[in-house]
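Peer 1: First the structure, which I've put down as structure tokens, then a few questions once you've had a look.
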Amino acid sequence: MEYKVYKNKIVMQNSSEFDIKHILECGQVFRYKVVESGYEVYALEHKARVYCQKDTTTIFCDDTTFFQKYFDFDTDYAKIKSELRDTEILENALELGSGIRILRQDPLEIIISFIISANNNIPRIKKSLERLCERYGVKKGEYYAFPTLQKLKKVPEAFFLEIGCGYRAPYLVKTIQMLSEKFIQSLYSMDIIEARKELIKLSGVGGKVADCILLFGYYRTNVFPCDTWIKKVYVQHFNGDCKLPAGKISEYFVSLYGNNAGFAQQYLYYYKRLKEKKKVKEIKNG
DNA sequence: CCCCAGGCGACTC
DNA sequence: GAGTCGCATGGG
């Protein structure tokens, strides 16, 4: 991918491997919002504004080094896509979500976000996280940083209830008490099986959430989070058994795509959600 | 009223 | 170990 880095911006031309809409709306990140003709995205204490006009994408930000890493600029997505283009459904998904990239996000932010995500819908997850940051994150001008672990340890269960976390509130409190910087760091170098086992020990973290944490928080791309949408993909496009548990479906896709499994999952998830949304709209409009 | 949302924990057997 | 079930909460 070709790009130029300036003092406070990164500029890309004809970037077929970078589409900010695809990146933000494929379910890996919740702290972003639509602004005039672009998006604003928040990561830890940083903020970026991304605009796309014709063939030019511009990332305005406070720290270009941070966001080059965050947007995964060192990975060759053209190569990954060529390796994944093996079936009709993948071909369609790769075309629809051609500009998807897996973000290098902060593990703590991802752990909290995906505990909240369980059996929840995206608008509500976004709202809960926004209110958590507003109350416990450091104010950075007109936005808020994600709370530090130290700050999170002071959040009472009642507050998580107040911001709409529902029955996940006690899970969050319990998990935050279990977390330490050392634990979070230790997972980077841990064997994937072991890391997954450690994450599942956390309250509110099962197999699916653990896979999301590994993929989005630790960039472990040889996992395949299986949720309700992916289940539909498996049944409808891979001739799968609808009674098969999520863990087995996940294993199936990892055996199929190996270190590209996480990427495949994002393309398929984005594809299925968009298609389903479109179908609902069509029904509504007659 | 129903069903669903990026599932998990507790409880069975 | 696999199979049920309840779960807060808001939207369609």
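By order in the structure tokens, chains are A, B, ...; within a chain, residues start at 1; ligands start at 1, following the order shown.
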Please identify all residues of chain A having at least one atom at most 8 Å from any atom of chain C, considering only C-alpha atoms (C1' of nucleotides), and return them as a PyMOL selection string.
Peer 2: chain A and resi 124+164-167
Peer 1: Select all residues from chain A having any atom no more than 6 Å from an atom of chain B (counting only C-alpha atoms (C1' of nucleotides), ignoring ligands), output as a PyMOL selection string.
Peer 2: chain A and resi 118-121+204+227
Peer 1: Keeping only N, CA, C and O atoms, write the selected residues as a CSV table (one decimal), in the first residue's frame.
Peer 2:
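Wrote again.csv, looks like this:
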chain,number,residue,atom,x,y,z
A,118,ALA,N,-21.4,-9.5,24.5
A,118,ALA,CA,-22.1,-10.8,24.5
A,118,ALA,C,-23.6,-10.6,24.5
A,118,ALA,O,-24.2,-10.0,25.4
A,119,ASN,N,-24.2,-11.3,23.6
A,119,ASN,CA,-25.7,-11.2,23.4
A,119,ASN,C,-26.2,-9.8,23.5
A,119,ASN,O,-27.2,-9.5,24.2
A,120,ASN,N,-25.6,-8.9,22.8
A,120,ASN,CA,-25.9,-7.5,22.8
A,120,ASN,C,-25.9,-7.0,21.4
A,120,ASN,O,-25.5,-7.7,20.5
A,121,ASN,N,-26.5,-5.8,21.2
A,121,ASN,CA,-26.4,-5.3,19.8
A,121,ASN,C,-25.4,-4.1,19.7
A,121,ASN,O,-25.2,-3.4,20.7
A,204,GLY,N,-17.4,-13.6,32.3
A,204,GLY,CA,-18.0,-13.0,31.1
A,204,GLY,C,-17.3,-13.3,29.8
A,204,GLY,O,-17.6,-12.8,28.8
A,227,ASP,N,-20.0,-16.2,15.9
A,227,ASP,CA,-21.3,-15.7,16.5
A,227,ASP,C,-22.5,-16.1,15.7
A,227,ASP,O,-22.4,-16.9,14.8
Peer 1: Which of segment 8-243 of chain A counts as helix (DSSP H, G or I) under DSSP, as a PyMOL selection string please?
Peer 2: chain A and resi 20-24+64-70+77-84+88-96+107-117+122-136+149-152+157-162+166-178+181-186+192-200+207-218+228-237
Peer 1: Any idea what's packed within 6 Å of segment 3-18 of chain A, counting only C-alpha atoms (C1' of nucleotides), ignoring anything in its chain fewer than 2 positions away? Could you give it as a list in words?
Peer 2: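 Contacts, with the query itself left out: Asp55, Thr56, Thr57, Thr58, Ile59, Phe60, Cys61 and Gly99 of chain A.
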